[in-house]
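S.K.: My structure file upload.cif, mmCIF, C-alpha atoms, is below:
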```
data_protein
loop_
_atom_site.label_atom_id
_atom_site.label_comp_id
_atom_site.auth_asym_id
_atom_site.auth_seq_id
_atom_site.Cartn_x
_atom_site.Cartn_y
_atom_site.Cartn_z
CA MET A 27 100.10 90.94 135.93
CA SER A 28 103.52 89.32 136.08
CA LYS A 29 106.63 91.33 136.80
CA LYS A 30 107.96 90.48 133.34
CA VAL A 31 104.86 91.89 131.62
CA GLY A 32 104.92 94.93 133.90
CA ALA A 33 108.56 95.58 132.98
CA LYS A 34 107.69 95.38 129.28
CA ILE A 35 104.84 97.87 129.68
CA SER A 36 107.08 100.20 131.69
CA LYS A 37 109.72 99.99 128.95
CA LEU A 38 107.08 100.76 126.33
CA GLU A 39 105.86 103.82 128.23
CA GLU A 40 109.43 105.00 128.63
CA GLU A 41 109.99 104.68 124.89
CA ARG A 42 106.78 106.55 124.11
CA ASN A 43 107.79 109.43 126.38
CA ARG A 44 111.32 109.57 125.01
CA LYS A 45 112.21 112.87 123.35
CA ASP A 46 113.42 112.59 119.77
CA SER A 47 114.14 115.34 117.25
CA GLY A 48 113.73 112.99 114.31
CA PHE A 49 117.43 112.13 114.01
CA GLY A 50 117.09 108.97 116.07
CA THR A 51 119.29 107.79 118.94
CA ALA A 52 122.04 106.00 117.03
CA THR A 53 125.42 107.71 117.03
CA THR A 54 128.54 106.75 115.11
CA SER A 55 130.56 109.86 115.80
CA THR A 56 130.99 112.29 118.64
CA ARG A 57 131.63 115.17 116.24
CA ALA A 58 128.68 115.04 113.84
CA ARG A 59 126.50 118.15 113.71
CA LEU A 60 122.78 117.49 113.23
CA ILE A 61 121.65 120.86 111.86
CA LEU A 62 124.00 123.19 110.01
CA PRO A 63 124.04 126.92 110.88
CA ASP A 64 122.06 127.77 107.72
CA GLY A 65 119.23 125.53 108.91
CA SER A 66 119.81 122.63 106.50
CA PHE A 67 119.97 119.10 107.86
CA ASN A 68 123.41 117.47 107.93
CA VAL A 69 122.07 114.33 106.25
CA LYS A 70 123.12 112.82 102.91
CA ARG A 71 120.85 110.30 101.18
CA LYS A 72 122.25 107.21 99.52
CA GLY A 73 120.40 104.99 97.06
CA GLN A 74 117.86 107.58 95.92
CA SER A 75 115.98 107.13 92.67
CA PHE A 76 116.94 109.63 89.97
CA SER A 77 113.57 111.40 90.10
CA ALA A 78 113.80 111.82 93.89
CA TRP A 79 117.38 113.07 93.62
CA LEU A 80 116.56 115.51 90.78
CA ASN A 81 113.35 116.96 92.28
CA LEU A 82 113.57 119.63 89.59
CA TYR A 83 110.80 121.95 90.78
CA HIS A 84 112.18 122.11 94.32
CA ARG A 85 115.70 122.73 93.00
CA MET A 86 114.53 125.55 90.73
CA ILE A 87 112.50 127.18 93.50
CA THR A 88 115.24 127.03 96.13
CA MET A 89 118.45 127.56 94.14
CA PRO A 90 120.22 130.97 94.36
CA VAL A 91 118.99 133.69 91.98
CA PHE A 92 122.21 133.70 89.93
CA GLU A 93 122.02 129.93 89.37
CA PHE A 94 118.33 130.18 88.47
CA VAL A 95 118.95 132.86 85.83
CA LEU A 96 121.93 130.89 84.49
CA VAL A 97 119.84 127.69 84.13
CA ILE A 98 117.08 129.58 82.30
CA ALA A 99 119.57 131.26 79.95
CA LEU A 100 121.39 128.00 79.20
CA SER A 101 118.08 126.18 78.58
CA TYR A 102 117.00 128.91 76.17
CA PHE A 103 120.34 128.75 74.33
CA VAL A 104 120.38 124.94 74.12
CA VAL A 105 116.80 124.68 72.80
CA ASN A 106 117.55 127.26 70.10
CA LEU A 107 120.78 125.43 69.30
CA VAL A 108 118.89 122.16 68.78
CA PHE A 109 116.25 123.66 66.49
CA ALA A 110 118.86 125.68 64.59
CA GLY A 111 120.69 122.42 63.95
CA MET A 112 117.47 120.88 62.60
CA TYR A 113 116.86 123.81 60.24
CA TYR A 114 120.46 123.66 59.08
CA TRP A 115 120.18 119.89 58.49
CA ILE A 116 116.96 120.32 56.46
CA GLY A 117 118.66 123.02 54.39
CA ILE A 118 119.04 126.77 54.75
CA GLU A 119 117.39 127.18 51.36
CA HIS A 120 114.10 126.20 53.02
CA LEU A 121 114.17 129.43 55.04
CA SER A 122 112.90 132.22 52.84
CA GLY A 123 114.63 135.59 53.35
CA ILE A 124 117.57 134.20 55.29
CA ASP A 125 119.99 135.45 52.64
CA GLU A 126 119.55 139.02 53.90
CA GLN A 127 120.33 138.02 57.49
CA THR A 128 123.32 135.83 56.63
CA GLN A 129 125.23 138.64 54.94
CA PHE A 130 126.93 139.39 58.26
CA VAL A 131 126.62 136.01 60.04
CA SER A 132 127.06 132.38 59.03
CA PRO A 133 123.99 130.46 57.74
CA PHE A 134 123.89 128.40 60.93
CA TRP A 135 123.60 131.47 63.14
CA GLY A 136 120.99 132.85 60.77
CA ALA A 137 119.00 129.67 61.47
CA PHE A 138 119.69 130.15 65.21
CA PHE A 139 118.21 133.65 65.22
CA PHE A 140 115.18 132.44 63.23
CA SER A 141 114.77 129.74 65.87
CA SER A 142 114.83 132.32 68.67
CA GLN A 143 112.13 134.35 66.89
CA THR A 144 109.98 131.25 66.45
CA LEU A 145 110.53 129.99 70.01
CA THR A 146 109.46 133.31 71.50
CA THR A 147 106.66 133.75 68.92
CA VAL A 148 108.11 137.18 68.06
CA GLY A 149 108.17 136.44 64.32
CA TYR A 150 109.60 139.61 62.76
CA GLY A 151 108.62 138.31 59.31
CA HIS A 152 112.02 138.70 57.62
CA ILE A 153 112.43 134.91 57.48
CA SER A 154 109.71 132.31 56.92
CA PRO A 155 109.81 128.52 56.54
CA LEU A 156 109.32 126.83 53.19
CA GLY A 157 108.19 123.26 52.68
CA SER A 158 106.23 120.81 54.82
CA LEU A 159 109.16 119.56 56.93
CA THR A 160 110.47 123.01 57.80
CA ASN A 161 106.98 124.25 58.66
CA ALA A 162 106.41 121.16 60.83
CA VAL A 163 109.62 121.81 62.76
CA ALA A 164 108.65 125.48 63.20
CA ALA A 165 105.20 124.46 64.46
CA VAL A 166 106.73 122.07 67.01
CA GLU A 167 109.17 124.75 68.11
CA ALA A 168 106.36 127.27 68.62
CA LEU A 169 104.58 124.75 70.86
CA VAL A 170 107.81 124.07 72.79
CA GLY A 171 108.29 127.81 73.23
CA LEU A 172 104.79 128.30 74.65
CA MET A 173 105.26 125.42 77.10
CA MET A 174 108.77 126.52 78.04
CA PHE A 175 107.80 130.08 78.88
CA ALA A 176 104.70 128.91 80.73
CA LEU A 177 106.95 126.77 82.92
CA ILE A 178 109.42 129.61 83.43
CA THR A 179 106.56 131.95 84.40
CA GLY A 180 105.34 129.41 86.95
CA LEU A 181 108.83 129.02 88.40
CA VAL A 182 109.34 132.79 88.65
CA TYR A 183 105.96 133.16 90.35
CA GLY A 184 106.80 130.29 92.69
CA ARG A 185 110.06 131.94 93.71
CA PHE A 186 108.38 135.29 94.37
CA SER A 187 105.31 133.87 96.11
CA THR A 188 107.18 131.56 98.48
CA PRO A 189 107.83 133.26 101.83
CA SER A 190 111.55 133.55 102.46
CA PRO A 191 112.16 134.64 106.04
CA LYS A 192 115.52 136.15 106.87
CA ILE A 193 116.04 135.69 110.57
CA LEU A 194 119.51 136.47 111.86
CA PHE A 195 120.84 134.51 114.83
CA SER A 196 123.68 135.55 117.09
CA ARG A 197 126.98 133.90 116.22
CA ASN A 198 127.27 132.37 119.68
CA ILE A 199 124.96 131.15 122.39
CA LEU A 200 125.83 132.70 125.76
CA VAL A 201 125.76 131.43 129.32
CA SER A 202 124.91 134.63 131.19
CA PRO A 203 123.71 135.77 134.60
CA TYR A 204 119.91 135.76 134.68
CA LEU A 205 117.90 137.00 137.67
CA ASP A 206 119.50 135.23 140.67
CA MET A 207 120.68 132.29 138.56
CA ASN A 208 122.23 131.78 135.12
CA GLY A 209 120.61 131.35 131.76
CA LEU A 210 121.35 130.02 128.30
CA MET A 211 120.74 132.83 125.78
CA PHE A 212 120.81 133.49 122.06
CA ARG A 213 119.49 136.47 120.12
CA MET A 214 117.58 136.61 116.85
CA ILE A 215 116.36 139.44 114.62
CA ASN A 216 113.97 139.59 111.67
CA GLU A 217 116.20 141.24 109.05
CA ARG A 218 113.45 141.82 106.47
CA ASN A 219 110.92 144.66 106.56
CA SER A 220 108.07 142.14 106.39
CA HIS A 221 106.41 141.48 109.72
CA LEU A 222 106.22 138.17 111.54
CA ILE A 223 103.45 137.55 114.05
CA ASN A 224 102.59 134.71 116.45
CA VAL A 225 106.21 133.55 116.55
CA LYS A 226 107.00 130.41 118.53
CA VAL A 227 110.43 128.96 119.25
CA ASN A 228 111.35 125.47 120.34
CA VAL A 229 114.79 124.69 121.79
CA MET A 230 116.11 121.17 122.25
CA MET A 231 119.42 119.94 123.62
CA SER A 232 121.07 116.90 122.06
CA ARG A 233 124.00 115.04 123.53
CA ASN A 234 125.58 111.60 123.59
CA GLU A 235 125.07 109.55 126.74
CA LYS A 236 125.69 105.96 127.75
CA ASP A 237 122.63 103.88 128.51
CA GLU A 238 122.33 101.20 131.19
CA THR A 239 124.17 98.72 128.96
CA GLY A 240 127.07 101.09 128.36
CA LYS A 241 126.07 101.75 124.74
CA LEU A 242 126.56 105.31 123.49
CA THR A 243 123.23 106.79 122.34
CA ARG A 244 122.01 110.26 121.47
CA LYS A 245 119.57 111.77 123.96
CA TYR A 246 117.28 114.77 123.46
CA TYR A 247 115.90 117.19 126.04
CA ASN A 248 113.40 120.00 125.54
CA LEU A 249 114.67 123.16 127.22
CA ALA A 250 112.06 125.14 129.11
CA LEU A 251 112.20 128.81 128.08
CA GLU A 252 111.52 132.05 129.87
CA ARG A 253 108.96 132.53 127.09
CA ASP A 254 108.55 130.54 123.90
CA PHE A 255 105.93 132.71 122.17
CA ILE A 256 105.63 136.37 121.21
CA GLN A 257 102.74 138.07 119.42
CA PHE A 258 104.83 140.51 117.35
CA PHE A 259 108.41 139.90 116.21
CA SER A 260 109.16 143.53 115.37
CA THR A 261 112.58 144.10 116.94
CA SER A 262 114.92 141.52 118.44
CA TRP A 263 114.26 138.56 120.69
CA THR A 264 116.72 137.23 123.24
CA VAL A 265 115.57 133.67 123.91
CA VAL A 266 116.43 132.54 127.45
CA HIS A 267 116.54 129.10 129.03
CA PRO A 268 116.82 129.53 132.82
CA ILE A 269 119.38 127.06 134.18
CA THR A 270 117.49 125.73 137.19
CA PRO A 271 118.30 122.52 139.09
CA ASP A 272 115.65 120.81 136.92
CA SER A 273 117.38 121.87 133.70
CA PRO A 274 119.31 119.19 131.76
CA PHE A 275 121.96 121.88 131.32
CA PHE A 276 122.44 122.22 135.07
CA GLU A 277 126.10 121.73 136.15
CA GLU A 278 127.27 121.47 132.53
CA THR A 279 130.84 122.55 131.80
CA PRO A 280 132.66 123.18 128.50
CA GLU A 281 134.60 119.96 129.03
CA LYS A 282 131.46 117.86 129.59
CA MET A 283 129.79 119.44 126.56
CA ALA A 284 132.74 118.68 124.29
CA ALA A 285 132.91 115.09 125.52
CA SER A 286 129.19 114.52 124.91
CA ASP A 287 129.03 116.43 121.58
CA THR A 288 126.33 118.73 122.95
CA GLU A 289 124.26 120.59 120.37
CA ILE A 290 121.37 123.01 120.79
CA LEU A 291 118.69 122.56 118.11
CA ILE A 292 116.43 125.55 117.43
CA ALA A 293 113.20 125.67 115.42
CA VAL A 294 111.30 128.93 114.86
CA GLU A 295 107.79 129.09 113.45
CA GLY A 296 105.68 132.16 112.74
CA MET A 297 103.19 133.80 110.40
CA ASN A 298 104.19 136.22 107.65
CA ASP A 299 101.44 138.84 107.61
CA ALA A 300 102.17 139.83 104.00
CA TYR A 301 101.64 136.30 102.64
CA SER A 302 99.43 134.95 105.44
CA ASP A 303 101.66 131.88 105.32
CA SER A 304 103.61 130.00 107.96
CA VAL A 305 107.38 130.38 107.89
CA HIS A 306 109.89 128.00 109.42
CA VAL A 307 113.53 128.64 110.30
CA ARG A 308 116.09 126.30 111.87
CA THR A 309 119.61 126.60 113.21
CA SER A 310 121.82 125.03 115.85
CA TYR A 311 124.73 125.77 118.16
CA LEU A 312 127.49 123.24 118.72
CA TYR A 313 129.38 122.90 122.01
CA ASN A 314 132.29 125.00 120.69
CA GLU A 315 129.94 127.92 119.94
CA PHE A 316 129.06 128.46 123.59
CA VAL A 317 130.51 131.49 125.36
CA TRP A 318 130.50 131.56 129.14
CA GLY A 319 130.31 134.64 131.35
CA ARG A 320 129.08 137.21 128.82
CA LYS A 321 125.76 138.93 128.17
CA PHE A 322 124.30 140.70 125.15
CA VAL A 323 124.34 144.48 124.93
CA PRO A 324 121.13 146.35 124.00
CA ILE A 325 120.69 146.98 120.27
CA LEU A 326 117.40 148.93 120.37
CA SER A 327 117.53 152.70 120.77
CA GLU A 328 115.07 155.58 120.47
CA LYS A 329 115.26 158.19 117.72
CA GLY A 330 112.69 160.96 117.69
CA THR A 331 109.32 159.32 117.97
CA GLY A 332 110.49 155.91 116.75
CA TYR A 333 113.03 153.19 117.39
CA ILE A 334 116.25 152.10 115.74
CA ILE A 335 117.51 148.52 115.85
CA ASP A 336 121.17 148.06 114.94
CA LEU A 337 121.60 144.72 113.20
CA ASP A 338 125.38 145.10 113.22
CA LYS A 339 125.34 144.69 117.00
CA ILE A 340 123.54 141.35 117.07
CA ASN A 341 126.71 139.57 118.28
CA ASP A 342 127.94 142.32 120.64
CA SER A 343 128.32 141.25 124.26
CA ILE A 344 130.17 142.26 127.41
CA GLU A 345 131.70 140.30 130.26
CA ALA A 346 129.36 139.37 133.06
CA SER A 347 130.10 137.37 136.19
CA LEU A 348 128.02 134.21 136.46
CA ASN A 349 125.94 133.54 139.55
CA SER A 350 127.17 130.71 141.72
#
```
Is it possible to express this structure as structure tokens?

M.R.:
Amino acid sequence: MSKKVGAKISKLEEERNRKDSGFGTATTSTRARLILPDGSFNVKRKGQSFSAWLNLYHRMITMPVFEFVLVIALSYFVVNLVFAGMYYWIGIEHLSGIDEQTQFVSPFWGAFFFSSQTLTTVGYGHISPLGSLTNAVAAVEALVGLMMFALITGLVYGRFSTPSPKILFSRNILVSPYLDMNGLMFRMINERNSHLINVKVNVMMSRNEKDETGKLTRKYYNLALERDFIQFFSTSWTVVHPITPDSPFFEETPEKMAASDTEILIAVEGMNDAYSDSVHVRTSYLYNEFVWGRKFVPILSEKGTGYIIDLDKINDSIEASLNS
């Protein structure tokens, strides 16, 4: 085998073994965060098709509750508005009994309220359609109503049935004394009363480095943890990366981290025992969210025959001298 072929194979093996979080190695900025604190990816897509951009089901499932209720209410109002306009265009006289309802409201709003009764299949019976065209519109509206509320029911079920873990992370990641060395530490707590089991955490460090050609590229390093798996996530978990001479964080300083745009990427995976479904949570810490020479204070205390965990103390820490 020639040296040239051997070099190519060596390069290929190096590329295969290269760590990558999925963001690639290209970098155009030294101040671009990869993962936002809420776990969303700091990536914007350009040139999407309309259907891919809309992704209506995903939007409805993941949007905040207030926005979801507002969209449903507006959709209900708009559909009734459209059918009320159709009844009004056909002629109010084709709605039998509407005269009684329109004594206190305008004929259009009388048609609107008849539309709402038809859409929901309530049908109080005070108003009924007359003529083939009006009956046809009412029949179509009844079908639209059945489909609309079936979709809403599915969306509501989807929102309630989808596991929504609420894991709190400490505001900062600390560099603290650990055993006879130092360690990189952050704390997380399961805020909900639901229980997570078989929880695994993966921690990766990302930073900009120059390659052999002098080109600035983004490098990724898996950080070995004191432990990366726990059976029961019932209280809090302080995740620790021991800073040994083999650690890519060894001999790091705040100045070096700022210059290389260092970011710690965290992925948590576990099982929700109530849903028997996997849950996934992400977050990250940027170089300016590191605090050196502090350690977390305990937040678990005993009370009677049980334990109390104080979520308000998740960020509490005290000064601690680092080991040399």

S.K.: Hey, which of A:Pro90, A:Gly296, A:Gly157, A:Pro274 ends up closest to A:Ile193? Count only C-alpha atoms.

M.R.: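 Of all the options, A:Gly296 lies closest to A:Ile193.
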
S.K.: Please write the residues picked by the PyMOL selection byres ((chain A and resi 235) around 7) on this file as a ChimeraX atom specification.

M.R.: /A:233-234,236-237,242-245,286

S.K.: Go through A:Ile335, A:Ala176, A:Leu251, A:Ala293 and flag the residue nearest A:Asn216, using all atoms listed in the file for the distances.

M.R.: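 For A:Asn216, the nearest of the candidates is A:Ile335.
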
S.K.: What does the distance between atom CA of A:Ser142 and atom CA of A:Met86 come to in Å, to one decimal place?

M.R.: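 Pair atom CA of A:Ser142 / atom CA of A:Met86 returns 23.1 Å.
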
S.K.: Please write as a list of chain:residue names the full residue list that the PyMOL selection byres ((chain A and resi 202) around 8) yields on this file.

M.R.: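 Those residues are A:Leu200, A:Val201, A:Pro203, A:Tyr204, A:Asn208, A:Gly209, A:Leu210, A:Met211, A:Trp318, A:Gly319, A:Arg320, A:Lys321, A:Ala346, A:Ser347, A:Leu348.
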
S.K.: Expressed in Å to a single decimal, how great is the separation between atom CA of A:Gly111 and atom CA of A:Leu96?

M.R.: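 Between atom CA of A:Gly111 and atom CA of A:Leu96 the gap is 22.3 Å.
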
S.K.: In the coordinate frame of the file, compute which residues have an atom within 12 Å of (118.4, 126.6, 52.6) when using only C-alpha atoms, and state them as a PyMOL selection string.

M.R.: chain A and resi 112-125+128+133-134+136-137+153-157+160

S.K.: If you count all atoms listed in the file, which residues fall within 8 Å of stretch 162-174 of chain A, apart from same-chain ones fewer than 4 positions away, as a PyMOL selection string?

M.R.: chain A and resi 109+112-113+141+144-147+155+158+178

S.K.: Could you jot down the atom CA of A:Met231 to atom CA of A:Tyr246 separation for me, Å, one decimal place?

M.R.: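 Spanning atom CA of A:Met231 to atom CA of A:Tyr246 is a straight-line distance of 5.6 Å.
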
S.K.: Can you turn the PyMOL selection byres ((chain A and resi 212-214) around 12) into a concrete residue list for this file, as a ChimeraX atom specification?

M.R.: /A:192-202,209-211,215-217,225,227,229,251,259-267,290-294,307-311,315-317,320-325,335,337,339-343

S.K.: Please, which residues are within 12 Å of (129.4, 117.4, 129.0) by the file's coordinates, counting all atoms listed in the file, and could they come as JSON, numbers by chain?

M.R.: {"A": [56, 231, 232, 233, 234, 235, 274, 275, 276, 277, 278, 279, 280, 281, 282, 283, 284, 285, 286, 287, 288, 289, 312, 313, 314]}
